[in-house]
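Asker: final.cif (mmCIF, C-alpha atoms (C1' of nucleotides)) pasted underneath:
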data_final
#
loop_
_atom_site.group_PDB
_atom_site.id
_atom_site.type_symbol
_atom_site.label_atom_id
_atom_site.label_comp_id
_atom_site.auth_asym_id
_atom_site.auth_seq_id
_atom_site.Cartn_x
_atom_site.Cartn_y
_atom_site.Cartn_z
ATOM 1 C CA MET Z 14 120.331 98.336 94.479
ATOM 2 C CA ALA Z 15 119.723 101.305 92.323
ATOM 3 C CA GLU Z 16 119.180 99.771 88.919
ATOM 4 C CA SER Z 17 122.429 101.019 87.516
ATOM 5 C CA LYS Z 18 121.944 98.682 84.605
ATOM 6 C CA ALA Z 19 118.959 97.982 82.403
ATOM 7 C CA PRO Z 20 118.750 99.860 79.099
ATOM 8 C CA TRP Z 21 117.641 103.040 80.861
ATOM 9 C CA CYS Z 22 113.940 103.446 81.395
ATOM 10 C CA PRO Z 23 112.582 106.994 81.588
ATOM 11 C CA VAL Z 24 109.500 105.839 83.458
ATOM 12 C CA THR Z 25 111.595 104.151 86.115
ATOM 13 C CA ALA Z 26 113.749 107.244 86.390
ATOM 14 C CA THR Z 27 110.662 109.324 87.032
ATOM 15 C CA VAL Z 28 109.381 106.862 89.595
ATOM 16 C CA GLU Z 29 112.700 107.105 91.396
ATOM 17 C CA VAL Z 30 112.121 110.819 91.838
ATOM 18 C CA ILE Z 31 108.406 111.289 92.411
ATOM 19 C CA GLY Z 32 107.445 107.781 93.436
ATOM 20 C CA GLY Z 33 106.096 106.810 96.807
ATOM 21 C CA ARG Z 34 103.034 107.341 98.855
ATOM 22 C CA TRP Z 35 103.485 111.022 99.565
ATOM 23 C CA LYS Z 36 105.536 112.806 96.954
ATOM 24 C CA PRO Z 37 102.863 113.119 94.290
ATOM 25 C CA THR Z 38 100.425 114.639 96.732
ATOM 26 C CA ILE Z 39 103.008 117.018 98.131
ATOM 27 C CA LEU Z 40 104.007 118.103 94.659
ATOM 28 C CA PHE Z 41 100.401 118.527 93.695
ATOM 29 C CA GLN Z 42 99.927 121.005 96.497
ATOM 30 C CA LEU Z 43 103.095 122.789 95.521
ATOM 31 C CA LYS Z 44 102.088 123.043 91.904
ATOM 32 C CA ASP Z 45 100.079 126.221 92.094
ATOM 33 C CA ARG Z 46 102.137 128.232 94.502
ATOM 34 C CA PRO Z 47 104.810 128.031 97.172
ATOM 35 C CA ARG Z 48 103.744 126.601 100.491
ATOM 36 C CA ARG Z 49 104.998 126.742 104.024
ATOM 37 C CA PHE Z 50 105.768 123.668 106.056
ATOM 38 C CA ASN Z 51 102.730 123.574 108.267
ATOM 39 C CA GLU Z 52 100.602 124.617 105.360
ATOM 40 C CA LEU Z 53 101.687 121.480 103.535
ATOM 41 C CA ARG Z 54 100.991 119.475 106.641
ATOM 42 C CA ARG Z 55 97.389 120.544 106.483
ATOM 43 C CA LEU Z 56 97.119 120.111 102.735
ATOM 44 C CA VAL Z 57 98.461 116.590 102.807
ATOM 45 C CA PRO Z 58 96.120 114.830 105.211
ATOM 46 C CA GLY Z 59 97.558 111.968 107.144
ATOM 47 C CA ILE Z 60 101.206 112.738 106.604
ATOM 48 C CA THR Z 61 103.391 112.894 109.661
ATOM 49 C CA GLN Z 62 105.807 115.675 110.361
ATOM 50 C CA ARG Z 63 108.688 113.324 109.958
ATOM 51 C CA MET Z 64 107.580 112.042 106.581
ATOM 52 C CA LEU Z 65 106.896 115.504 105.275
ATOM 53 C CA THR Z 66 110.387 116.562 106.242
ATOM 54 C CA LEU Z 67 111.956 113.469 104.716
ATOM 55 C CA GLN Z 68 110.054 113.716 101.462
ATOM 56 C CA LEU Z 69 110.758 117.406 101.087
ATOM 57 C CA ARG Z 70 114.446 116.793 101.693
ATOM 58 C CA ALA Z 71 114.478 114.098 99.083
ATOM 59 C CA LEU Z 72 112.697 116.307 96.585
ATOM 60 C CA GLU Z 73 115.098 119.103 97.345
ATOM 61 C CA GLN Z 74 117.989 116.719 96.847
ATOM 62 C CA ASP Z 75 116.651 115.786 93.437
ATOM 63 C CA GLY Z 76 116.287 119.399 92.434
ATOM 64 C CA ILE Z 77 112.511 119.304 92.292
ATOM 65 C CA VAL Z 78 111.718 121.795 95.005
ATOM 66 C CA SER Z 79 113.684 124.626 96.528
ATOM 67 C CA ARG Z 80 113.686 125.557 100.171
ATOM 68 C CA THR Z 81 113.631 129.215 101.163
ATOM 69 C CA VAL Z 82 114.215 130.168 104.777
ATOM 70 C CA HIS Z 83 113.020 133.511 106.081
ATOM 71 C CA ASN Z 84 114.935 134.260 109.227
ATOM 72 C CA THR Z 85 112.066 135.707 111.139
ATOM 73 C CA ILE Z 86 110.420 134.898 114.402
ATOM 74 C CA PRO Z 87 108.692 132.613 114.223
ATOM 75 C CA PRO Z 88 110.642 130.847 111.498
ATOM 76 C CA HIS Z 89 109.181 130.866 108.023
ATOM 77 C CA VAL Z 90 110.145 128.246 105.470
ATOM 78 C CA GLU Z 91 108.724 128.183 102.015
ATOM 79 C CA TYR Z 92 108.921 125.364 99.535
ATOM 80 C CA SER Z 93 108.475 125.984 95.858
ATOM 81 C CA PHE Z 94 109.017 124.315 92.529
ATOM 82 C CA THR Z 95 112.250 124.608 90.686
ATOM 83 C CA LYS Z 96 112.146 124.738 86.912
ATOM 84 C CA LYS Z 97 112.700 121.024 86.868
ATOM 85 C CA GLY Z 98 109.832 120.624 89.272
ATOM 86 C CA CYS Z 99 107.503 122.744 87.181
ATOM 87 C CA MET Z 100 107.922 120.321 84.352
ATOM 88 C CA LEU Z 101 106.215 117.686 86.464
ATOM 89 C CA GLY Z 102 102.985 119.626 86.052
ATOM 90 C CA PRO Z 103 101.595 117.495 83.234
ATOM 91 C CA ILE Z 104 102.138 114.318 85.239
ATOM 92 C CA LEU Z 105 100.351 115.708 88.270
ATOM 93 C CA ASP Z 106 97.540 117.064 86.142
ATOM 94 C CA ALA Z 107 97.112 113.731 84.418
ATOM 95 C CA MET Z 108 97.050 111.961 87.761
ATOM 96 C CA GLU Z 109 94.451 114.355 89.078
ATOM 97 C CA ALA Z 110 92.332 113.921 85.972
ATOM 98 C CA TRP Z 111 92.437 110.156 86.108
ATOM 99 C CA GLY Z 112 91.719 109.960 89.803
ATOM 100 C CA ASP Z 113 88.854 112.329 89.366
ATOM 101 C CA ALA Z 114 87.407 110.423 86.434
ATOM 102 C CA HIS Z 115 87.482 107.180 88.387
ATOM 103 C CA ARG Z 116 86.259 108.485 91.669
ATOM 104 C CA PRO Z 117 84.416 105.737 93.574
ATOM 105 C CA ARG Z 118 80.617 106.102 93.608
ATOM 106 C CA LYS Z 119 80.794 108.467 90.701
ATOM 107 C CA ARG Z 120 77.406 108.657 89.145
ATOM 108 C CA GLY Z 121 77.978 110.165 85.734
ATOM 109 C CA ARG Z 122 78.868 106.950 83.927
ATOM 110 C CA ASN Z 123 80.755 103.740 84.511
ATOM 111 C CA MET P 87 94.592 102.885 107.672
ATOM 112 C CA ALA P 88 93.222 103.434 104.282
ATOM 113 C CA GLU P 89 92.599 107.137 104.262
ATOM 114 C CA SER P 90 88.866 106.767 104.270
ATOM 115 C CA LYS P 91 88.646 110.378 105.390
ATOM 116 C CA ALA P 92 90.341 113.461 104.086
ATOM 117 C CA PRO P 93 88.372 115.588 101.603
ATOM 118 C CA TRP P 94 89.061 113.117 98.777
ATOM 119 C CA CYS P 95 92.225 113.691 96.815
ATOM 120 C CA PRO P 96 92.263 112.497 93.212
ATOM 121 C CA VAL P 97 96.047 112.394 93.144
ATOM 122 C CA THR P 98 96.153 110.155 96.196
ATOM 123 C CA ALA P 99 93.507 107.928 94.659
ATOM 124 C CA THR P 100 95.660 107.527 91.582
ATOM 125 C CA VAL P 101 98.736 106.805 93.665
ATOM 126 C CA GLU P 102 96.807 104.083 95.454
ATOM 127 C CA VAL P 103 96.277 102.342 92.145
ATOM 128 C CA ILE P 104 99.425 102.880 90.121
ATOM 129 C CA GLY P 105 101.839 103.794 92.877
ATOM 130 C CA GLY P 106 104.855 101.805 93.831
ATOM 131 C CA ARG P 107 108.174 100.825 92.407
ATOM 132 C CA TRP P 108 106.933 98.534 89.638
ATOM 133 C CA LYS P 109 103.438 99.332 88.514
ATOM 134 C CA PRO P 110 104.250 102.335 86.343
ATOM 135 C CA THR P 111 106.926 100.425 84.469
ATOM 136 C CA ILE P 112 104.704 97.407 83.993
ATOM 137 C CA LEU P 113 101.883 99.581 82.741
ATOM 138 C CA PHE P 114 104.211 101.407 80.447
ATOM 139 C CA GLN P 115 105.142 98.153 78.772
ATOM 140 C CA LEU P 116 101.502 97.210 78.529
ATOM 141 C CA LYS P 117 100.532 100.492 76.999
ATOM 142 C CA ASP P 118 101.223 99.678 73.368
ATOM 143 C CA ARG P 119 100.038 96.125 73.199
ATOM 144 C CA PRO P 120 99.193 93.062 75.270
ATOM 145 C CA ARG P 121 102.112 91.192 76.767
ATOM 146 C CA ARG P 122 102.719 87.719 78.009
ATOM 147 C CA PHE P 123 104.029 87.008 81.471
ATOM 148 C CA ASN P 124 107.610 86.178 80.643
ATOM 149 C CA GLU P 125 107.639 88.916 78.085
ATOM 150 C CA LEU P 126 106.904 91.399 80.826
ATOM 151 C CA ARG P 127 109.585 89.842 82.939
ATOM 152 C CA ARG P 128 112.110 90.680 80.289
ATOM 153 C CA LEU P 129 110.710 94.131 79.653
ATOM 154 C CA VAL P 130 110.795 95.108 83.304
ATOM 155 C CA PRO P 131 114.414 94.546 84.235
ATOM 156 C CA GLY P 132 115.095 93.633 87.816
ATOM 157 C CA ILE P 133 111.599 92.556 88.737
ATOM 158 C CA THR P 134 111.201 89.154 90.318
ATOM 159 C CA GLN P 135 108.636 86.624 89.256
ATOM 160 C CA ARG P 136 106.863 86.993 92.530
ATOM 161 C CA MET P 137 106.597 90.755 92.333
ATOM 162 C CA LEU P 138 105.410 90.687 88.768
ATOM 163 C CA THR P 139 102.668 88.294 89.762
ATOM 164 C CA LEU P 140 101.682 90.347 92.771
ATOM 165 C CA GLN P 141 101.619 93.635 90.917
ATOM 166 C CA LEU P 142 99.653 92.182 88.030
ATOM 167 C CA ARG P 143 97.137 90.699 90.428
ATOM 168 C CA ALA P 144 96.738 94.042 92.143
ATOM 169 C CA LEU P 145 96.279 95.834 88.841
ATOM 170 C CA GLU P 146 93.774 93.238 87.775
ATOM 171 C CA GLN P 147 91.951 93.692 91.067
ATOM 172 C CA ASP P 148 91.723 97.410 90.441
ATOM 173 C CA GLY P 149 90.363 96.878 86.965
ATOM 174 C CA ILE P 150 93.420 98.292 85.229
ATOM 175 C CA VAL P 151 94.547 95.218 83.350
ATOM 176 C CA SER P 152 92.750 92.107 82.233
ATOM 177 C CA ARG P 153 94.174 88.622 82.232
ATOM 178 C CA THR P 154 93.484 86.299 79.323
ATOM 179 C CA VAL P 155 94.406 82.645 79.587
ATOM 180 C CA HIS P 156 94.858 80.561 76.461
ATOM 181 C CA ASN P 157 94.562 76.927 77.433
ATOM 182 C CA THR P 158 97.326 75.672 75.224
ATOM 183 C CA ILE P 159 100.497 73.790 75.811
ATOM 184 C CA PRO P 160 102.582 75.445 76.898
ATOM 185 C CA PRO P 161 100.262 77.829 78.733
ATOM 186 C CA HIS P 162 99.806 81.274 77.272
ATOM 187 C CA VAL P 163 98.692 84.173 79.438
ATOM 188 C CA GLU P 164 98.229 87.627 78.072
ATOM 189 C CA TYR P 165 97.831 90.821 80.018
ATOM 190 C CA SER P 166 96.226 93.836 78.442
ATOM 191 C CA PHE P 167 94.744 97.167 79.372
ATOM 192 C CA THR P 168 91.138 97.548 80.238
ATOM 193 C CA LYS P 169 89.376 100.715 79.185
ATOM 194 C CA LYS P 170 90.101 102.113 82.604
ATOM 195 C CA GLY P 171 93.726 101.194 82.129
ATOM 196 C CA CYS P 172 93.936 102.839 78.737
ATOM 197 C CA MET P 173 93.044 106.127 80.337
ATOM 198 C CA LEU P 174 96.292 105.989 82.262
ATOM 199 C CA GLY P 175 98.101 106.584 78.999
ATOM 200 C CA PRO P 176 98.574 110.325 79.471
ATOM 201 C CA ILE P 177 100.128 109.775 82.888
ATOM 202 C CA LEU P 178 102.566 107.207 81.560
ATOM 203 C CA ASP P 179 103.407 109.365 78.582
ATOM 204 C CA ALA P 180 104.023 112.363 80.800
ATOM 205 C CA MET P 181 106.256 110.283 83.049
ATOM 206 C CA GLU P 182 108.210 109.015 80.093
ATOM 207 C CA ALA P 183 108.599 112.519 78.721
ATOM 208 C CA TRP P 184 109.821 113.941 81.993
ATOM 209 C CA GLY P 185 112.228 111.119 82.679
ATOM 210 C CA ASP P 186 113.577 111.431 79.194
ATOM 211 C CA ALA P 187 113.977 115.192 79.445
ATOM 212 C CA HIS P 188 115.915 114.870 82.679
ATOM 213 C CA ARG P 189 118.037 111.941 81.747
ATOM 214 C CA PRO P 190 121.389 112.113 83.529
ATOM 215 C CA ARG P 191 124.266 113.237 81.303
ATOM 216 C CA LYS P 192 121.846 114.615 78.774
ATOM 217 C CA ARG P 193 123.585 117.139 76.642
ATOM 218 C CA GLY P 194 120.815 119.042 74.918
ATOM 219 C CA ARG P 195 120.304 121.686 77.570
ATOM 220 C CA ASN P 196 120.272 122.040 81.311
ATOM 221 C "C1'" DC Q 147 107.161 127.277 113.609
ATOM 222 C "C1'" DT Q 148 110.340 124.091 111.623
ATOM 223 C "C1'" DG Q 149 112.585 119.998 111.914
ATOM 224 C "C1'" DG Q 150 116.131 116.906 113.976
ATOM 225 C "C1'" DA Q 151 116.923 112.256 116.678
ATOM 226 C "C1'" DT Q 152 115.396 107.754 118.636
ATOM 227 C "C1'" DC Q 153 112.788 103.703 119.283
ATOM 228 C "C1'" DC Q 154 110.535 100.072 117.256
ATOM 229 C "C1'" DC Q 155 107.134 97.525 114.675
ATOM 230 C "C1'" DC Q 156 105.310 95.621 110.571
ATOM 231 C "C1'" DG Q 157 105.014 94.277 106.019
ATOM 232 C "C1'" DG Q 158 107.161 94.743 101.457
ATOM 233 C "C1'" DC Q 159 110.076 92.287 98.905
ATOM 234 C "C1'" DG Q 160 113.892 89.106 97.397
ATOM 235 C "C1'" DA Q 161 115.479 84.197 97.164
ATOM 236 C "C1'" DT Q 162 114.396 79.744 96.553
ATOM 237 C "C1'" DA Q 163 111.858 75.636 95.682
ATOM 238 C "C1'" DC Q 164 107.737 73.290 94.008
ATOM 239 C "C1'" DT Q 165 103.424 72.547 90.721
ATOM 240 C "C1'" DG Q 166 100.090 72.241 86.734
ATOM 241 C "C1'" DC E 84 105.352 78.771 80.522
ATOM 242 C "C1'" DA E 85 103.020 80.717 84.325
ATOM 243 C "C1'" DG E 86 102.409 80.660 88.392
ATOM 244 C "C1'" DT E 87 102.109 79.490 94.112
ATOM 245 C "C1'" DA E 88 104.295 78.680 98.878
ATOM 246 C "C1'" DT E 89 107.418 79.586 102.430
ATOM 247 C "C1'" DC E 90 111.040 81.896 104.857
ATOM 248 C "C1'" DG E 91 113.583 85.725 106.449
ATOM 249 C "C1'" DC E 92 115.636 90.336 105.972
ATOM 250 C "C1'" DC E 93 115.662 94.934 106.326
ATOM 251 C "C1'" DG E 94 114.160 99.351 105.977
ATOM 252 C "C1'" DG E 95 109.987 102.430 105.519
ATOM 253 C "C1'" DG E 96 107.522 104.944 108.288
ATOM 254 C "C1'" DG E 97 104.634 105.980 112.706
ATOM 255 C "C1'" DA E 98 105.002 107.925 117.560
ATOM 256 C "C1'" DT E 99 107.319 110.657 120.532
ATOM 257 C "C1'" DC E 100 110.511 113.818 122.544
ATOM 258 C "C1'" DC E 101 113.818 117.494 122.082
ATOM 259 C "C1'" DA E 102 115.959 121.888 119.926
ATOM 260 C "C1'" DG E 103 116.845 126.272 117.524
#
Written as structure tokens, how would this file's structure read?
Answerer:
Amino acid sequence: MAESKAPWCPVTATVEVIGGRWKPTILFQLKDRPRRFNELRRLVPGITQRMLTLQLRALEQDGIVSRTVHNTIPPHVEYSFTKKGCMLGPILDAMEAWGDAHRPRKRGRN
Amino acid sequence: MAESKAPWCPVTATVEVIGGRWKPTILFQLKDRPRRFNELRRLVPGITQRMLTLQLRALEQDGIVSRTVHNTIPPHVEYSFTKKGCMLGPILDAMEAWGDAHRPRKRGRN
DNA sequence: CTGGATCCCCGGCGATACTG
DNA sequence: CAGTATCGCCGGGGATCCAG
């Protein structure tokens, strides 16, 4: 597994990092400003606690988001974009634009 | 299933259509010009015949690509972007750009 | 509040063989 | 060349409980 061959495809590489059901949505919510764990849970409807944790860990692992722990009571954990993550902005914007343009039952045209 | 609720998220809607391991790569290869089935098979390294068929069918179903059959011998089937599919261009370009910028072992910077 | 650990099901996907 | 059919695996991901 892990296509270690193939003449290197940048698109595939990107998919490896931000692909999946949840990551784009999570990243989209993180785009504007840092978010706390439960805040993300609300902003990403339908995601389970487990999946949110897993996806955030994966994104952290790939250097897309950084995790900041405030040792307070109650605990406070903030997730924010790294520089590498910020550069995903155009992708997320383009995805938002396309999804918006092709919203079901849109009346404008089409 | 099928998040029929949630205040409508354009990013999620886009993920529903072009999400997954293969679709972005397939679409990327379709971006410049129409491609034949086996041509795509070569251009998307690692994909199986079955998956290519399934993904293409799904994309066709969602109105992203159109399938043109030339009744010749041997059979000739071409897949191309619909108008709706063309509008995915910016997303694919952004993905390519990001993947390229963060290519492992890149020397330029970072 | 954040998030780890466990249990378990379901379907995504690869492999293979067959057809027009 | 461009598919379809069938089988079987394995791991993604939901539900739930526990912990710091």
Asker: Please produce chain P as a compact mmCIF listing (two decimals) with C-alpha atoms, keeping the file's coordinate frame once it has been superposed on chain Z, the fit using all Cα atoms paired in sequence order.
Answerer:
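Wrote it out as out36.txt, contents follow:
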# COMPACT_ATOMS: atom_id res chain seq x y z
CA MET P 87 120.71 97.93 94.16
CA ALA P 88 120.02 101.03 92.25
CA GLU P 89 119.30 99.71 88.81
CA SER P 90 122.46 101.08 87.34
CA LYS P 91 121.98 98.70 84.44
CA ALA P 92 118.96 97.97 82.34
CA PRO P 93 118.67 99.83 79.02
CA TRP P 94 117.58 103.03 80.79
CA CYS P 95 113.88 103.42 81.37
CA PRO P 96 112.53 106.96 81.57
CA VAL P 97 109.45 105.82 83.45
CA THR P 98 111.56 104.13 86.10
CA ALA P 99 113.72 107.23 86.37
CA THR P 100 110.63 109.30 87.03
CA VAL P 101 109.36 106.83 89.59
CA GLU P 102 112.68 107.07 91.39
CA VAL P 103 112.11 110.78 91.85
CA ILE P 104 108.40 111.24 92.43
CA GLY P 105 107.45 107.73 93.45
CA GLY P 106 106.11 106.76 96.80
CA ARG P 107 103.05 107.29 98.89
CA TRP P 108 103.50 111.00 99.60
CA LYS P 109 105.55 112.77 96.99
CA PRO P 110 102.85 113.09 94.34
CA THR P 111 100.41 114.60 96.80
CA ILE P 112 103.00 116.99 98.18
CA LEU P 113 103.98 118.07 94.70
CA PHE P 114 100.38 118.49 93.74
CA GLN P 115 99.90 120.96 96.56
CA LEU P 116 103.06 122.75 95.56
CA LYS P 117 102.04 123.00 91.96
CA ASP P 118 100.01 126.20 92.14
CA ARG P 119 102.07 128.21 94.55
CA PRO P 120 104.76 128.00 97.21
CA ARG P 121 103.72 126.55 100.54
CA ARG P 122 104.97 126.75 104.06
CA PHE P 123 105.79 123.68 106.09
CA ASN P 124 102.75 123.55 108.32
CA GLU P 125 100.60 124.57 105.42
CA LEU P 126 101.68 121.46 103.60
CA ARG P 127 101.02 119.43 106.69
CA ARG P 128 97.43 120.51 106.58
CA LEU P 129 97.12 120.07 102.84
CA VAL P 130 98.47 116.54 102.89
CA PRO P 131 96.15 114.79 105.32
CA GLY P 132 97.61 111.91 107.24
CA ILE P 133 101.25 112.73 106.69
CA THR P 134 103.45 112.93 109.75
CA GLN P 135 105.87 115.72 110.41
CA ARG P 136 108.76 113.37 110.01
CA MET P 137 107.63 112.06 106.65
CA LEU P 138 106.92 115.50 105.31
CA THR P 139 110.42 116.55 106.26
CA LEU P 140 111.98 113.47 104.74
CA GLN P 141 110.06 113.70 101.50
CA LEU P 142 110.76 117.39 101.12
CA ARG P 143 114.45 116.80 101.72
CA ALA P 144 114.48 114.08 99.10
CA LEU P 145 112.69 116.29 96.60
CA GLU P 146 115.08 119.10 97.35
CA GLN P 147 117.98 116.71 96.85
CA ASP P 148 116.64 115.77 93.45
CA GLY P 149 116.27 119.38 92.44
CA ILE P 150 112.48 119.27 92.31
CA VAL P 151 111.69 121.77 95.02
CA SER P 152 113.65 124.60 96.54
CA ARG P 153 113.64 125.59 100.17
CA THR P 154 113.58 129.25 101.14
CA VAL P 155 114.17 130.24 104.74
CA HIS P 156 113.00 133.61 106.00
CA ASN P 157 114.91 134.40 109.16
CA THR P 158 112.02 135.89 111.03
CA ILE P 159 110.34 135.14 114.28
CA PRO P 160 108.61 132.84 114.13
CA PRO P 161 110.59 131.05 111.42
CA HIS P 162 109.12 131.01 107.95
CA VAL P 163 110.10 128.33 105.46
CA GLU P 164 108.68 128.20 102.00
CA TYR P 165 108.88 125.35 99.55
CA SER P 166 108.44 125.96 95.87
CA PHE P 167 108.98 124.27 92.55
CA THR P 168 112.21 124.56 90.70
CA LYS P 169 112.09 124.71 86.93
CA LYS P 170 112.67 120.99 86.88
CA GLY P 171 109.79 120.59 89.29
CA CYS P 172 107.46 122.71 87.21
CA MET P 173 107.86 120.28 84.37
CA LEU P 174 106.18 117.64 86.49
CA GLY P 175 102.95 119.57 86.10
CA PRO P 176 101.55 117.46 83.27
CA ILE P 177 102.10 114.28 85.26
CA LEU P 178 100.33 115.67 88.30
CA ASP P 179 97.51 117.03 86.19
CA ALA P 180 97.08 113.70 84.46
CA MET P 181 97.02 111.92 87.81
CA GLU P 182 94.44 114.32 89.14
CA ALA P 183 92.31 113.90 86.04
CA TRP P 184 92.40 110.13 86.17
CA GLY P 185 91.70 109.93 89.88
CA ASP P 186 88.84 112.32 89.46
CA ALA P 187 87.39 110.41 86.52
CA HIS P 188 87.46 107.17 88.47
CA ARG P 189 86.26 108.48 91.75
CA PRO P 190 84.32 105.80 93.62
CA ARG P 191 80.54 106.28 93.53
CA LYS P 192 80.85 108.64 90.62
CA ARG P 193 77.58 108.83 88.83
CA GLY P 194 78.39 110.41 85.49
CA ARG P 195 79.19 107.23 83.62
CA ASN P 196 80.88 103.92 84.17
Asker: Kindly give the distance, in Å, that separates atom C1' of E:DA98 and atom C1' of Q:DG158, rounded to a single decimal.
Answerer: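 Between these atoms lies a distance of 20.9 Å.
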Asker: With only C-alpha atoms as the atoms that count, which of P:Ile159, P:Met137, P:Leu129, P:Leu174 lies nearest to P:Thr100?
Answerer: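 For P:Thr100, the nearest of the given residues is P:Leu174.
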Asker: Pick out the residues sitting within 12 Å of P:Phe114, and hand them over as number ranges by chain; count all atoms listed in the file, and ignore anything fewer than 2 positions along from it in its own chain.
Answerer: Z: 22-25, 28; P: 104, 108-112, 116-121, 126, 129-130, 151, 166-167, 171-172, 174-182
Asker: Which is closer to chain E than all the others in P:Ser152, P:Gln141, P:Thr158, P:Gln115, using all atoms listed in the file?
Answerer: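 Among P:Ser152, P:Gln141, P:Thr158, P:Gln115, it is P:Thr158 that comes nearest to chain E.
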Asker: State, in Å with one decimal place, the distance from atom CA of P:Met173 to atom CA of Z:Trp111.
Answerer: 7.1 Å
Asker: Can I get the residues of chain P within 8 Å of chain E, each with the closest pair of atoms and their distance in Å to one decimal, using only C-alpha atoms (C1' of nucleotides), sorted chain first then ascending number, as JSON lines?
Answerer:
{"residue": "P:Phe123", "atom": "CA", "partner": "E:DA85", "partner_atom": "C1'", "distance": 7.0}
{"residue": "P:Asn124", "atom": "CA", "partner": "E:DC84", "partner_atom": "C1'", "distance": 7.7}
{"residue": "P:Thr139", "atom": "CA", "partner": "E:DG86", "partner_atom": "C1'", "distance": 7.8}
{"residue": "P:Pro160", "atom": "CA", "partner": "E:DC84", "partner_atom": "C1'", "distance": 5.6}
{"residue": "P:Pro161", "atom": "CA", "partner": "E:DC84", "partner_atom": "C1'", "distance": 5.5}
{"residue": "P:His162", "atom": "CA", "partner": "E:DC84", "partner_atom": "C1'", "distance": 6.9}
{"residue": "P:Val163", "atom": "CA", "partner": "E:DA85", "partner_atom": "C1'", "distance": 7.4}
Asker: For the atom pair atom CA of Z:His83 and atom CA of Z:Leu65, what is the interatomic distance in Å to one decimal place?
Answerer: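 Between atom CA of Z:His83 and atom CA of Z:Leu65 the gap is 19.0 Å.
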Asker: The PyMOL selection byres ((chain Q) within 12 of (chain Z)) on the file shown: which residues, as a short mmCIF file (atom, residue, chain, number, x, y, z; two decimals) with C-alpha atoms (C1' of nucleotides), in the frame of the given file?
Answerer:
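Result written to part06.cif:
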data_model
loop_
_atom_site.label_atom_id
_atom_site.label_comp_id
_atom_site.auth_asym_id
_atom_site.auth_seq_id
_atom_site.Cartn_x
_atom_site.Cartn_y
_atom_site.Cartn_z
"C1'" DC Q 147 107.16 127.28 113.61
"C1'" DT Q 148 110.34 124.09 111.62
"C1'" DG Q 149 112.58 120.00 111.91
"C1'" DG Q 150 116.13 116.91 113.98
"C1'" DA Q 151 116.92 112.26 116.68
"C1'" DG Q 160 113.89 89.11 97.40
#
Asker: Calculated over all atoms listed in the file, which of the candidates Z:Lys97, Z:Gln74, Z:Arg118, Z:Leu69 has the smallest distance to chain P?
Answerer: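 The closest residue to chain P is Z:Lys97.
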